[in-house]
file target_4.cif (mmCIF, C-alpha atoms (C1' of nucleotides))
data_model
#
loop_
_atom_site.label_atom_id
_atom_site.label_comp_id
_atom_site.auth_asym_id
_atom_site.auth_seq_id
_atom_site.Cartn_x
_atom_site.Cartn_y
_atom_site.Cartn_z
CA MET D 20 19.08 29.16 -4.94
CA GLY D 21 16.27 30.76 -2.95
CA ARG D 22 16.27 28.14 -0.27
CA ARG D 23 14.02 30.11 2.03
CA VAL D 24 11.33 30.84 -0.51
CA SER D 25 8.47 28.36 -0.54
CA LYS D 26 7.82 26.67 -3.87
CA HIS D 27 4.14 26.55 -3.05
CA PRO D 28 3.04 30.05 -2.09
CA LYS D 29 -0.64 29.42 -2.69
CA GLU D 30 -0.86 26.38 -0.48
CA MET D 31 1.38 27.97 2.10
CA ALA D 32 -1.04 30.89 2.27
CA LEU D 33 -3.97 28.51 2.67
CA LEU D 34 -2.26 26.75 5.51
CA LYS D 35 -1.36 29.97 7.26
CA GLU D 36 -4.92 31.17 6.94
CA HIS D 37 -6.17 27.98 8.57
CA LEU D 38 -3.58 28.24 11.33
CA GLY D 39 -4.56 31.83 12.04
CA LYS D 40 -8.22 31.01 12.29
CA HIS D 41 -7.63 28.27 14.82
CA GLN D 42 -4.95 29.72 17.06
CA LEU D 43 -2.40 27.31 15.69
CA LYS D 44 1.23 28.07 15.16
CA TYR D 45 3.46 28.11 12.15
CA THR D 46 6.37 25.78 12.77
CA ARG D 47 9.42 24.62 10.90
CA GLN D 48 8.08 21.05 10.94
CA ARG D 49 4.82 22.05 9.35
CA GLU D 50 6.64 23.92 6.62
CA LEU D 51 8.92 20.97 5.90
CA ILE D 52 6.05 18.51 5.80
CA LEU D 53 3.98 20.77 3.57
CA ASP D 54 6.78 21.19 1.05
CA ALA D 55 7.43 17.47 0.91
CA PHE D 56 3.76 16.58 0.78
CA LEU D 57 2.97 18.93 -2.10
CA LYS D 58 5.55 17.24 -4.30
CA GLN D 59 3.44 14.07 -4.30
CA GLU D 60 0.24 13.03 -5.95
CA HIS D 61 -0.64 10.96 -2.88
CA ILE D 62 1.40 9.43 -0.09
CA THR D 63 1.10 7.58 3.19
CA ALA D 64 2.30 8.92 6.54
CA GLU D 65 4.90 6.18 6.72
CA GLU D 66 6.32 7.00 3.29
CA LEU D 67 6.53 10.67 4.12
CA TYR D 68 8.23 9.79 7.37
CA HIS D 69 10.95 7.89 5.55
CA GLN D 70 11.38 10.59 2.94
CA LEU D 71 11.94 13.17 5.64
CA SER D 72 13.94 11.06 8.05
CA ARG D 73 17.26 12.65 7.06
CA LYS D 74 16.11 16.23 7.39
CA ASP D 75 17.55 18.71 9.81
CA PRO D 76 15.06 18.54 12.65
CA HIS D 77 14.21 14.89 12.91
CA LEU D 78 10.48 14.54 12.49
CA GLY D 79 8.57 12.10 14.64
CA LEU D 80 6.02 9.84 13.03
CA ALA D 81 3.35 11.25 15.32
CA THR D 82 4.04 14.71 13.98
CA ILE D 83 3.63 13.47 10.42
CA TYR D 84 0.24 12.01 11.25
CA ARG D 85 -0.85 15.09 13.14
CA THR D 86 0.23 17.38 10.36
CA LEU D 87 -1.37 15.35 7.59
CA ASN D 88 -4.63 15.41 9.51
CA LEU D 89 -4.18 19.14 9.90
CA PHE D 90 -3.80 19.45 6.14
CA CYS D 91 -7.07 17.58 5.71
CA GLU D 92 -8.82 20.04 7.98
CA ALA D 93 -7.26 22.91 6.08
CA GLY D 94 -8.50 21.46 2.81
CA LEU D 95 -5.04 20.81 1.39
CA ALA D 96 -5.20 17.05 1.65
CA GLN D 97 -7.78 14.35 1.54
CA ALA D 98 -7.55 11.07 3.41
CA ARG D 99 -8.47 7.89 1.65
CA HIS D 100 -8.39 4.39 3.12
CA PHE D 101 -6.68 2.09 0.71
CA GLY D 102 -5.78 -1.43 1.69
CA SER D 103 -4.73 -1.34 5.31
CA GLN D 104 -3.24 2.13 5.16
CA THR D 105 -4.44 5.67 4.71
CA GLN D 106 -3.40 7.52 1.59
CA TYR D 107 -3.28 11.29 1.82
CA ASP D 108 -4.14 12.82 -1.52
CA ASN D 109 -2.74 16.14 -2.63
CA VAL D 110 -5.91 18.05 -3.41
CA SER D 111 -4.31 21.21 -4.76
CA HIS D 112 -1.98 19.49 -7.17
CA LYS D 113 -4.45 18.73 -9.90
CA GLY D 114 -7.91 18.61 -8.51
CA HIS D 115 -9.70 15.45 -7.63
CA HIS D 116 -8.90 12.24 -9.37
CA ASP D 117 -10.48 8.81 -9.23
CA HIS D 118 -9.02 5.35 -9.54
CA LEU D 119 -9.25 2.43 -11.90
CA ILE D 120 -7.81 -0.55 -10.07
CA CYS D 121 -6.81 -3.97 -11.40
CA THR D 122 -7.86 -6.65 -8.95
CA GLU D 123 -5.33 -9.05 -10.44
CA CYS D 124 -2.05 -7.15 -10.48
CA GLY D 125 -2.89 -4.07 -8.42
CA LYS D 126 -2.20 -1.61 -11.21
CA ILE D 127 -3.78 1.80 -10.61
CA VAL D 128 -4.81 4.25 -13.30
CA GLU D 129 -5.99 7.69 -12.34
CA PHE D 130 -8.67 9.55 -14.21
CA GLU D 131 -10.98 12.51 -14.07
CA ASN D 132 -14.42 12.84 -15.54
CA CYS D 133 -16.41 16.03 -15.30
CA ASP D 134 -19.65 14.44 -16.44
CA ILE D 135 -19.56 11.98 -13.58
CA GLU D 136 -18.81 14.77 -11.14
CA ARG D 137 -21.77 16.74 -12.40
CA LEU D 138 -24.11 13.76 -12.02
CA GLN D 139 -22.84 13.27 -8.50
CA GLU D 140 -23.79 16.82 -7.67
CA GLU D 141 -27.25 16.18 -9.03
CA VAL D 142 -27.72 13.08 -6.91
CA ALA D 143 -26.55 14.93 -3.83
CA ALA D 144 -28.82 17.89 -4.48
CA ARG D 145 -31.77 15.59 -4.97
CA ASN D 146 -31.13 14.25 -1.48
CA GLY D 147 -30.46 17.61 0.10
CA PHE D 148 -26.78 16.91 0.64
CA VAL D 149 -23.89 19.29 0.14
CA ILE D 150 -20.90 17.34 -1.13
CA LYS D 151 -17.49 18.09 0.28
CA THR D 152 -15.52 15.27 -1.29
CA HIS D 153 -16.07 11.97 -2.99
CA ARG D 154 -14.38 8.77 -3.82
CA LEU D 155 -14.85 6.63 -6.89
CA GLU D 156 -13.00 3.42 -7.48
CA LEU D 157 -13.57 1.05 -10.39
CA TYR D 158 -12.35 -2.50 -9.85
CA GLY D 159 -11.66 -4.84 -12.71
CA LEU D 160 -9.04 -6.31 -14.97
CA CYS D 161 -6.43 -4.25 -16.76
CA PRO D 162 -5.63 -5.03 -20.43
CA ARG D 163 -2.66 -7.18 -19.48
CA CYS D 164 -4.61 -9.33 -17.00
CA GLN D 165 -7.50 -10.22 -19.28
CA HIS D 166 -5.50 -13.16 -20.75
CA MET N 4 -42.24 -22.49 11.16
CA GLY N 5 -39.78 -23.85 8.59
CA ARG N 6 -36.80 -23.38 10.78
CA ARG N 7 -34.54 -25.53 8.63
CA VAL N 8 -35.38 -23.87 5.36
CA SER N 9 -33.08 -21.03 4.41
CA LYS N 10 -34.75 -17.73 3.68
CA HIS N 11 -32.10 -17.01 1.10
CA PRO N 12 -31.89 -20.01 -1.23
CA LYS N 13 -30.16 -18.12 -4.03
CA GLU N 14 -27.32 -16.78 -1.89
CA MET N 15 -27.04 -20.06 -0.05
CA ALA N 16 -26.54 -21.80 -3.39
CA LEU N 17 -23.89 -19.28 -4.37
CA LEU N 18 -22.05 -19.87 -1.14
CA LYS N 19 -22.21 -23.64 -1.48
CA GLU N 20 -20.92 -23.41 -5.01
CA HIS N 21 -17.96 -21.38 -3.82
CA LEU N 22 -17.30 -23.76 -0.95
CA GLY N 23 -17.38 -26.73 -3.29
CA LYS N 24 -14.92 -25.17 -5.69
CA HIS N 25 -12.40 -24.49 -2.96
CA GLN N 26 -12.56 -27.61 -0.81
CA LEU N 27 -14.25 -25.69 1.97
CA LYS N 28 -16.87 -27.07 4.28
CA TYR N 29 -20.43 -26.11 4.96
CA THR N 30 -20.77 -25.42 8.66
CA ARG N 31 -23.48 -24.38 11.03
CA GLN N 32 -21.57 -21.18 11.79
CA ARG N 33 -21.37 -20.20 8.16
CA GLU N 34 -25.07 -20.77 7.72
CA LEU N 35 -25.91 -18.69 10.79
CA ILE N 36 -23.66 -15.84 9.73
CA LEU N 37 -24.99 -15.86 6.19
CA ASP N 38 -28.61 -15.67 7.34
CA ALA N 39 -27.87 -12.82 9.69
CA PHE N 40 -25.70 -10.99 7.20
CA LEU N 41 -28.28 -11.11 4.41
CA LYS N 42 -30.83 -9.36 6.56
CA GLN N 43 -28.71 -6.23 6.52
CA GLU N 44 -27.92 -3.64 3.94
CA HIS N 45 -24.41 -3.33 5.37
CA ILE N 46 -22.84 -4.15 8.71
CA THR N 47 -19.53 -4.33 10.55
CA ALA N 48 -18.03 -7.52 11.94
CA GLU N 49 -18.41 -6.17 15.45
CA GLU N 50 -22.09 -5.41 14.99
CA LEU N 51 -22.76 -8.84 13.56
CA TYR N 52 -20.85 -10.34 16.46
CA HIS N 53 -23.13 -8.64 18.95
CA GLN N 54 -26.25 -9.53 17.02
CA LEU N 55 -25.28 -13.19 17.04
CA SER N 56 -23.76 -13.38 20.49
CA ARG N 57 -26.85 -15.01 21.98
CA LYS N 58 -27.23 -17.68 19.34
CA ASP N 59 -26.96 -21.37 19.99
CA PRO N 60 -23.31 -21.99 19.14
CA HIS N 61 -21.46 -18.98 20.41
CA LEU N 62 -19.62 -17.46 17.50
CA GLY N 63 -16.13 -16.11 17.97
CA LEU N 64 -15.27 -12.73 16.56
CA ALA N 65 -12.48 -14.30 14.52
CA THR N 66 -15.02 -16.55 12.85
CA ILE N 67 -17.17 -13.57 11.95
CA TYR N 68 -14.22 -11.86 10.31
CA ARG N 69 -13.15 -15.01 8.52
CA THR N 70 -16.63 -15.67 7.25
CA LEU N 71 -17.27 -12.12 6.09
CA ASN N 72 -14.03 -12.25 4.13
CA LEU N 73 -15.18 -15.56 2.71
CA PHE N 74 -18.41 -13.90 1.58
CA CYS N 75 -16.36 -11.25 -0.19
CA GLU N 76 -14.44 -13.92 -2.06
CA ALA N 77 -17.69 -15.66 -2.95
CA GLY N 78 -19.08 -12.42 -4.30
CA LEU N 79 -21.84 -12.12 -1.71
CA ALA N 80 -20.34 -9.21 0.16
CA GLN N 81 -18.13 -6.25 -0.52
CA ALA N 82 -15.79 -4.70 2.01
CA ARG N 83 -15.64 -0.97 2.40
CA HIS N 84 -13.44 0.98 4.81
CA PHE N 85 -15.42 3.61 6.61
CA GLY N 86 -13.92 5.64 9.42
CA SER N 87 -11.74 3.25 11.33
CA GLN N 88 -13.83 0.17 10.65
CA THR N 89 -14.74 -2.02 7.72
CA GLN N 90 -18.30 -2.14 6.50
CA TYR N 91 -19.42 -5.28 4.72
CA ASP N 92 -22.03 -4.50 2.11
CA ASN N 93 -24.71 -6.95 1.13
CA VAL N 94 -24.22 -7.17 -2.62
CA SER N 95 -27.08 -9.53 -3.42
CA HIS N 96 -29.73 -7.64 -1.54
CA LYS N 97 -30.65 -5.16 -4.20
CA GLY N 98 -27.93 -5.00 -6.78
CA HIS N 99 -25.24 -2.44 -6.57
CA HIS N 100 -25.85 0.75 -4.72
CA ASP N 101 -23.69 3.72 -3.92
CA HIS N 102 -23.54 5.83 -0.81
CA LEU N 103 -24.15 9.39 0.18
CA ILE N 104 -22.52 9.80 3.57
CA CYS N 105 -22.84 12.61 6.09
CA THR N 106 -19.45 13.37 7.59
CA GLU N 107 -21.10 15.01 10.57
CA CYS N 108 -23.64 12.48 11.83
CA GLY N 109 -22.72 9.40 9.81
CA LYS N 110 -26.11 9.15 8.12
CA ILE N 111 -25.99 7.01 4.98
CA VAL N 112 -28.34 7.36 2.02
CA GLU N 113 -28.20 4.78 -0.73
CA PHE N 114 -28.73 5.56 -4.35
CA GLU N 115 -28.38 4.21 -7.83
CA ASN N 116 -27.68 6.13 -10.98
CA CYS N 117 -27.56 4.47 -14.36
CA ASP N 118 -26.01 7.44 -16.09
CA ILE N 119 -23.05 7.40 -13.76
CA GLU N 120 -22.65 3.67 -14.26
CA ARG N 121 -22.64 4.13 -18.01
CA LEU N 122 -19.96 6.83 -17.83
CA GLN N 123 -17.89 4.56 -15.64
CA GLU N 124 -18.01 1.88 -18.31
CA GLU N 125 -16.86 4.42 -20.85
CA VAL N 126 -13.89 5.47 -18.75
CA ALA N 127 -12.94 1.85 -18.18
CA ALA N 128 -13.24 1.00 -21.87
CA ARG N 129 -11.09 3.98 -22.79
CA ASN N 130 -8.36 2.53 -20.56
CA GLY N 131 -8.82 -1.04 -21.72
CA PHE N 132 -10.23 -2.19 -18.38
CA VAL N 133 -13.09 -4.59 -17.80
CA ILE N 134 -14.98 -3.53 -14.68
CA LYS N 135 -16.09 -6.14 -12.20
CA THR N 136 -17.34 -3.91 -9.40
CA HIS N 137 -17.08 -0.34 -8.29
CA ARG N 138 -17.47 1.84 -5.29
CA LEU N 139 -18.76 5.37 -5.22
CA GLU N 140 -19.08 7.37 -2.06
CA LEU N 141 -20.09 10.98 -1.79
CA TYR N 142 -19.11 12.70 1.44
CA GLY N 143 -20.79 15.83 2.67
CA LEU N 144 -23.41 17.25 4.95
CA CYS N 145 -26.93 15.94 5.15
CA PRO N 146 -29.84 18.44 5.29
CA ARG N 147 -30.03 18.25 9.07
CA CYS N 148 -26.30 18.93 9.60
CA GLN N 149 -26.07 22.03 7.42
CA HIS N 150 -27.27 24.22 10.35
"C1'" DT W 20 12.30 39.80 26.59
"C1'" DT W 21 8.86 37.41 28.83
"C1'" DG W 22 5.11 34.43 29.63
"C1'" DA W 23 1.13 31.91 28.14
"C1'" DA W 24 -0.21 28.56 25.02
"C1'" DA W 25 0.69 25.47 21.32
"C1'" DT W 26 3.94 21.89 19.42
"C1'" DT W 27 7.13 18.34 19.32
"C1'" DG W 28 9.09 13.63 19.75
"C1'" DA W 29 9.43 9.24 22.02
"C1'" DT W 30 6.76 5.88 23.50
"C1'" DA W 31 2.80 3.87 25.36
"C1'" DA W 32 -1.78 2.88 24.45
"C1'" DC W 33 -5.53 1.84 21.21
"C1'" DC W 34 -8.22 -0.43 18.06
"C1'" DC W 35 -9.46 -3.32 14.38
"C1'" DA W 36 -8.20 -7.26 12.17
"C1'" DT W 37 -5.52 -11.45 11.51
"C1'" DT W 38 -2.83 -15.39 13.07
"C1'" DT W 39 -1.96 -19.23 16.06
"C1'" DC W 40 -3.03 -23.63 17.79
"C1'" DA W 41 -5.29 -27.35 20.19
"C1'" DA W 42 -9.88 -29.20 20.19
"C1'" DC W 43 -13.60 -30.07 17.21
"C1'" DT W 44 -16.38 -31.38 12.89
"C1'" DA W 45 -17.77 -32.19 8.19
"C1'" DA W 46 -17.70 -35.42 4.81
"C1'" DA W 47 -15.18 -38.85 1.99
"C1'" DC W 48 -13.79 -43.54 2.40
"C1'" DG W 49 -13.75 -48.19 3.74
"C1'" DC B 30 -21.76 -47.12 10.44
"C1'" DG B 31 -16.72 -46.30 12.32
"C1'" DT B 32 -12.46 -44.40 10.65
"C1'" DT B 33 -9.73 -41.07 8.66
"C1'" DT B 34 -8.40 -36.83 6.81
"C1'" DA B 35 -8.53 -32.22 6.15
"C1'" DG B 36 -10.93 -28.01 7.04
"C1'" DT B 37 -13.05 -25.15 10.99
"C1'" DT B 38 -13.69 -23.18 15.34
"C1'" DG B 39 -12.90 -20.17 19.50
"C1'" DA B 40 -9.87 -18.05 22.79
"C1'" DA B 41 -6.08 -15.70 23.14
"C1'" DA B 42 -1.91 -13.83 21.38
"C1'" DT B 43 -0.11 -11.07 17.82
"C1'" DG B 44 0.18 -7.60 14.31
"C1'" DG B 45 0.19 -3.09 12.13
"C1'" DG B 46 -1.51 1.51 11.58
"C1'" DT B 47 -2.96 5.51 14.11
"C1'" DT B 48 -3.75 8.29 18.17
"C1'" DA B 49 -2.98 9.79 23.10
"C1'" DT B 50 0.24 11.10 26.74
"C1'" DC B 51 3.53 14.14 28.72
"C1'" DA B 52 7.76 16.57 29.72
"C1'" DA B 53 10.67 19.55 27.17
"C1'" DT B 54 10.71 22.92 23.64
"C1'" DT B 55 9.19 26.55 20.60
"C1'" DT B 56 6.13 30.14 18.85
"C1'" DC B 57 4.30 34.69 19.14
"C1'" DA B 58 1.78 38.43 21.18
"C1'" DA B 59 2.38 41.82 24.62
#

call {"tool": "encode", "arguments": {"input": "target_4.cif", "output": "structure tokens"}}
result
Amino acid sequence: MGRRVSKHPKEMALLKEHLGKHQLKYTRQRELILDAFLKQEHITAEELYHQLSRKDPHLGLATIYRTLNLFCEAGLAQARHFGSQTQYDNVSHKGHHDHLICTECGKIVEFENCDIERLQEEVAARNGFVIKTHRLELYGLCPRCQH
Amino acid sequence: MGRRVSKHPKEMALLKEHLGKHQLKYTRQRELILDAFLKQEHITAEELYHQLSRKDPHLGLATIYRTLNLFCEAGLAQARHFGSQTQYDNVSHKGHHDHLICTECGKIVEFENCDIERLQEEVAARNGFVIKTHRLELYGLCPRCQH
DNA sequence: TTGAAATTGATAACCCATTTCAACTAAACG
DNA sequence: CGTTTAGTTGAAATGGGTTATCAATTTCAA
């Protein structure tokens, strides 16, 4: 069943590269958290903590937070404040995606739009900025909530 | 010196309309906070608290938070999580504006882009949504922080 | 294998924001 | 005008998410 072979070789390599460059170590916890994290579109530290709570080495919540922040620094994840919590988005899964949010029922639809991304680059360039990430959220009413 | 005449009659009217509709009262604190808030492009509760700490009736921090949230409900402000704090944007000041934010020094540049807004409407329409507001933030490095 | 340096996990500490509650006011009513 | 009623205030306690602390453990280069 290949239980020792990572299902995410590309991301694993990225992480190891980052670790190497910063004198950080490759640990069993980091591998476990990476594998679990990459299965999601986006997740909170708390959710990941519960998902992994039955695993072999019991992972502390602090380790989850530390590791997710590490992933952000390594470019594998992207933090996004949503409500009172922080969502960690899986960057490598399918590129960047934005959100369409219903203010009535909370429904969230994800979307991507290259044209918007291109215009964003233009705006940034015009102001001398180099964009690393962005966040676009559209708030309104979903079809069901328009009465 | 016209000290009893509000410098923001339009927003004041909007607030009073909201208060009336919800059986809320018009208080000296709310007037003070509104006047101070409208002078800013965006501000945190803490900053506003310090700005107003010398005023006649000493305003509690809890009141600042409550009132800023009230402004959000009345459509005068818009909350935005930035770093660990919440920024309250002045919506009425000059229409909607988006942000270009330097992740290194925190510098914020505001911009508007009609083309992006139009594309947003298209995306929303395609998903059956009716947009009420939106939020677009571009994170990156400002000219000075690119070394 | 050994030793230096990083990591972990439990928990305490932090910080921003909200809730609580008794005293206080706005404003509707008599 | 007073009275009354219901919303508001401020100080302090509380809450929830995230980070810091630190002794024990683990990684990895030599």

call {"tool": "atom_distance", "arguments": {"input": "target_4.cif", "atom1": "CA of Ala16 (chain N)", "atom2": "CA of Leu139 (chain N)"}}
result
28.3 Å

call {"tool": "resolve_selection", "arguments": {"input": "target_4.cif", "expression": "the PyMOL selection byres ((chain W) within 10 of (chain N))", "output": "list in words"}}
result
DC34, DC35, DA36, DT37, DT38, DT44, DA45 and DA46 of chain W

call {"tool": "calpha_fit_and_write", "arguments": {"input": "target_4.cif", "fixed": "chain N", "moving": "chain D", "output": "short mmCIF file (atom, residue, chain, number, x, y, z; two decimals) with C-alpha atoms, in the frame of the given file"}}
result
data_model
loop_
_atom_site.label_atom_id
_atom_site.label_comp_id
_atom_site.auth_asym_id
_atom_site.auth_seq_id
_atom_site.Cartn_x
_atom_site.Cartn_y
_atom_site.Cartn_z
CA MET D 20 -42.37 -22.93 11.07
CA GLY D 21 -39.86 -24.40 8.63
CA ARG D 22 -36.90 -23.76 10.83
CA ARG D 23 -34.56 -25.86 8.74
CA VAL D 24 -35.38 -24.26 5.43
CA SER D 25 -33.09 -21.42 4.43
CA LYS D 26 -34.80 -18.11 3.74
CA HIS D 27 -32.19 -17.34 1.14
CA PRO D 28 -32.01 -20.28 -1.25
CA LYS D 29 -30.35 -18.34 -4.04
CA GLU D 30 -27.49 -17.05 -1.95
CA MET D 31 -27.17 -20.37 -0.18
CA ALA D 32 -26.73 -22.03 -3.57
CA LEU D 33 -24.09 -19.47 -4.53
CA LEU D 34 -22.18 -20.12 -1.37
CA LYS D 35 -22.34 -23.87 -1.78
CA GLU D 36 -21.12 -23.56 -5.33
CA HIS D 37 -18.13 -21.54 -4.16
CA LEU D 38 -17.41 -24.00 -1.37
CA GLY D 39 -17.52 -26.92 -3.79
CA LYS D 40 -15.13 -25.29 -6.19
CA HIS D 41 -12.55 -24.66 -3.51
CA GLN D 42 -12.68 -27.81 -1.42
CA LEU D 43 -14.30 -25.95 1.42
CA LYS D 44 -16.87 -27.37 3.75
CA TYR D 45 -20.41 -26.48 4.56
CA THR D 46 -20.69 -25.85 8.27
CA ARG D 47 -23.37 -24.87 10.71
CA GLN D 48 -21.46 -21.66 11.51
CA ARG D 49 -21.33 -20.61 7.90
CA GLU D 50 -25.04 -21.18 7.52
CA LEU D 51 -25.84 -19.17 10.64
CA ILE D 52 -23.60 -16.30 9.60
CA LEU D 53 -25.01 -16.26 6.08
CA ASP D 54 -28.59 -16.10 7.30
CA ALA D 55 -27.82 -13.29 9.71
CA PHE D 56 -25.70 -11.40 7.21
CA LEU D 57 -28.32 -11.48 4.46
CA LYS D 58 -30.85 -9.75 6.69
CA GLN D 59 -28.70 -6.61 6.66
CA GLU D 60 -27.97 -3.94 4.14
CA HIS D 61 -24.42 -3.67 5.48
CA ILE D 62 -22.79 -4.58 8.77
CA THR D 63 -19.45 -4.78 10.52
CA ALA D 64 -17.89 -7.99 11.83
CA GLU D 65 -18.21 -6.71 15.37
CA GLU D 66 -21.92 -5.96 15.00
CA LEU D 67 -22.59 -9.36 13.52
CA TYR D 68 -20.64 -10.92 16.35
CA HIS D 69 -22.87 -9.28 18.93
CA GLN D 70 -26.03 -10.14 17.05
CA LEU D 71 -25.06 -13.79 17.01
CA SER D 72 -23.52 -14.02 20.45
CA ARG D 73 -26.56 -15.76 21.95
CA LYS D 74 -26.88 -18.41 19.28
CA ASP D 75 -26.55 -22.09 19.90
CA PRO D 76 -22.96 -22.72 18.90
CA HIS D 77 -21.11 -19.72 20.20
CA LEU D 78 -19.36 -18.08 17.29
CA GLY D 79 -15.87 -16.73 17.71
CA LEU D 80 -15.05 -13.31 16.35
CA ALA D 81 -12.32 -14.83 14.21
CA THR D 82 -14.87 -17.06 12.54
CA ILE D 83 -17.04 -14.05 11.74
CA TYR D 84 -14.13 -12.31 10.07
CA ARG D 85 -13.09 -15.42 8.19
CA THR D 86 -16.59 -16.07 6.99
CA LEU D 87 -17.26 -12.51 5.90
CA ASN D 88 -14.06 -12.59 3.88
CA LEU D 89 -15.22 -15.88 2.43
CA PHE D 90 -18.47 -14.23 1.39
CA CYS D 91 -16.48 -11.53 -0.38
CA GLU D 92 -14.59 -14.15 -2.33
CA ALA D 93 -17.84 -15.87 -3.18
CA GLY D 94 -19.28 -12.61 -4.44
CA LEU D 95 -22.00 -12.39 -1.79
CA ALA D 96 -20.47 -9.51 0.11
CA GLN D 97 -18.32 -6.54 -0.57
CA ALA D 98 -15.89 -5.02 1.90
CA ARG D 99 -15.74 -1.29 2.26
CA HIS D 100 -13.48 0.66 4.60
CA PHE D 101 -15.51 3.24 6.40
CA GLY D 102 -14.05 5.22 9.25
CA SER D 103 -11.79 2.90 11.17
CA GLN D 104 -13.83 -0.21 10.51
CA THR D 105 -14.72 -2.40 7.58
CA GLN D 106 -18.33 -2.51 6.47
CA TYR D 107 -19.45 -5.64 4.68
CA ASP D 108 -22.13 -4.80 2.15
CA ASN D 109 -24.82 -7.26 1.20
CA VAL D 110 -24.40 -7.38 -2.56
CA SER D 111 -27.34 -9.64 -3.35
CA HIS D 112 -29.89 -7.71 -1.36
CA LYS D 113 -30.49 -4.90 -3.79
CA GLY D 114 -27.54 -4.49 -6.04
CA HIS D 115 -24.87 -1.93 -5.55
CA HIS D 116 -25.60 1.29 -3.79
CA ASP D 117 -23.53 4.40 -3.23
CA HIS D 118 -23.40 6.86 -0.37
CA LEU D 119 -24.17 10.49 0.22
CA ILE D 120 -22.51 11.43 3.49
CA CYS D 121 -22.95 14.53 5.64
CA THR D 122 -19.60 15.66 6.96
CA GLU D 123 -21.31 17.58 9.75
CA CYS D 124 -23.68 15.10 11.36
CA GLY D 125 -22.64 11.83 9.74
CA LYS D 126 -26.00 11.17 8.14
CA ILE D 127 -25.82 8.64 5.30
CA VAL D 128 -28.20 8.45 2.37
CA GLU D 129 -27.96 5.58 -0.05
CA PHE D 130 -28.64 5.93 -3.74
CA GLU D 131 -28.29 4.22 -7.06
CA ASN D 132 -27.75 5.79 -10.43
CA CYS D 133 -27.56 3.75 -13.59
CA ASP D 134 -26.24 6.60 -15.70
CA ILE D 135 -23.23 6.99 -13.46
CA GLU D 136 -22.62 3.25 -13.54
CA ARG D 137 -22.71 3.27 -17.31
CA LEU D 138 -20.20 6.13 -17.51
CA GLN D 139 -17.94 4.25 -15.14
CA GLU D 140 -17.96 1.30 -17.48
CA GLU D 141 -17.00 3.58 -20.32
CA VAL D 142 -14.07 5.04 -18.42
CA ALA D 143 -12.88 1.58 -17.49
CA ALA D 144 -13.17 0.28 -21.03
CA ARG D 145 -11.25 3.25 -22.34
CA ASN D 146 -8.40 2.25 -20.04
CA GLY D 147 -8.62 -1.45 -20.75
CA PHE D 148 -9.90 -2.30 -17.29
CA VAL D 149 -12.59 -4.79 -16.39
CA ILE D 150 -14.51 -3.48 -13.40
CA LYS D 151 -15.44 -5.87 -10.63
CA THR D 152 -16.78 -3.40 -8.09
CA HIS D 153 -16.74 0.28 -7.35
CA ARG D 154 -17.23 2.73 -4.61
CA LEU D 155 -18.69 6.20 -4.84
CA GLU D 156 -19.06 8.49 -1.89
CA LEU D 157 -20.27 12.09 -2.02
CA TYR D 158 -19.32 14.23 0.96
CA GLY D 159 -21.15 17.39 1.82
CA LEU D 160 -23.82 18.96 3.96
CA CYS D 161 -27.27 17.50 4.40
CA PRO D 162 -30.31 19.83 4.29
CA ARG D 163 -30.42 20.12 8.07
CA CYS D 164 -26.74 21.08 8.41
CA GLN D 165 -26.72 23.88 5.86
CA HIS D 166 -27.96 26.38 8.51
#

call {"tool": "atom_distance", "arguments": {"input": "target_4.cif", "atom1": "C1' of DT43 (chain B)", "atom2": "CA of Cys75 (chain N)"}}
result
24.3 Å

call {"tool": "residues_around", "arguments": {"input": "target_4.cif", "residues": "DA41 (chain W)", "least_positions_apart": "6", "cutoff": "12 Å", "atoms": "all atoms listed in the file", "output": "ChimeraX atom specification"}}
result
/B:38-40

call {"tool": "atom_distance", "arguments": {"input": "target_4.cif", "atom1": "CA of Thr152 (chain D)", "atom2": "CA of Gln97 (chain D)"}}
result
8.3 Å

call {"tool": "interface_residues", "arguments": {"input": "target_4.cif", "of": "chain B", "to": "chain N", "cutoff": "12 Å", "atoms": "only C-alpha atoms (C1' of nucleotides)", "output": "count of residues only"}}
result
10

call {"tool": "resolve_selection", "arguments": {"input": "target_4.cif", "expression": "the PyMOL selection byres ((chain N) within 10 of (chain D))", "output": "PyMOL selection string"}}
result
chain N and resi 83-87+101-106+112-116+118-124+126-128+130-149

call {"tool": "residues_around", "arguments": {"input": "target_4.cif", "residues": "DA53 (chain B)", "least_positions_apart": "2", "cutoff": "12 Å", "atoms": "only C-alpha atoms (C1' of nucleotides)", "output": "ChimeraX atom specification"}}
result
/W:26-29 /B:51,55

call {"tool": "write_last_selection", "arguments": {"input": "target_4.cif", "atoms": "C-alpha atoms (C1' of nucleotides)", "output": "short mmCIF file (atom, residue, chain, number, x, y, z; two decimals), in the frame of the given file"}}
result
data_model
loop_
_atom_site.label_atom_id
_atom_site.label_comp_id
_atom_site.auth_asym_id
_atom_site.auth_seq_id
_atom_site.Cartn_x
_atom_site.Cartn_y
_atom_site.Cartn_z
"C1'" DT W 26 3.94 21.89 19.42
"C1'" DT W 27 7.13 18.34 19.32
"C1'" DG W 28 9.09 13.63 19.75
"C1'" DA W 29 9.43 9.24 22.02
"C1'" DC B 51 3.53 14.14 28.72
"C1'" DT B 55 9.19 26.55 20.60
#
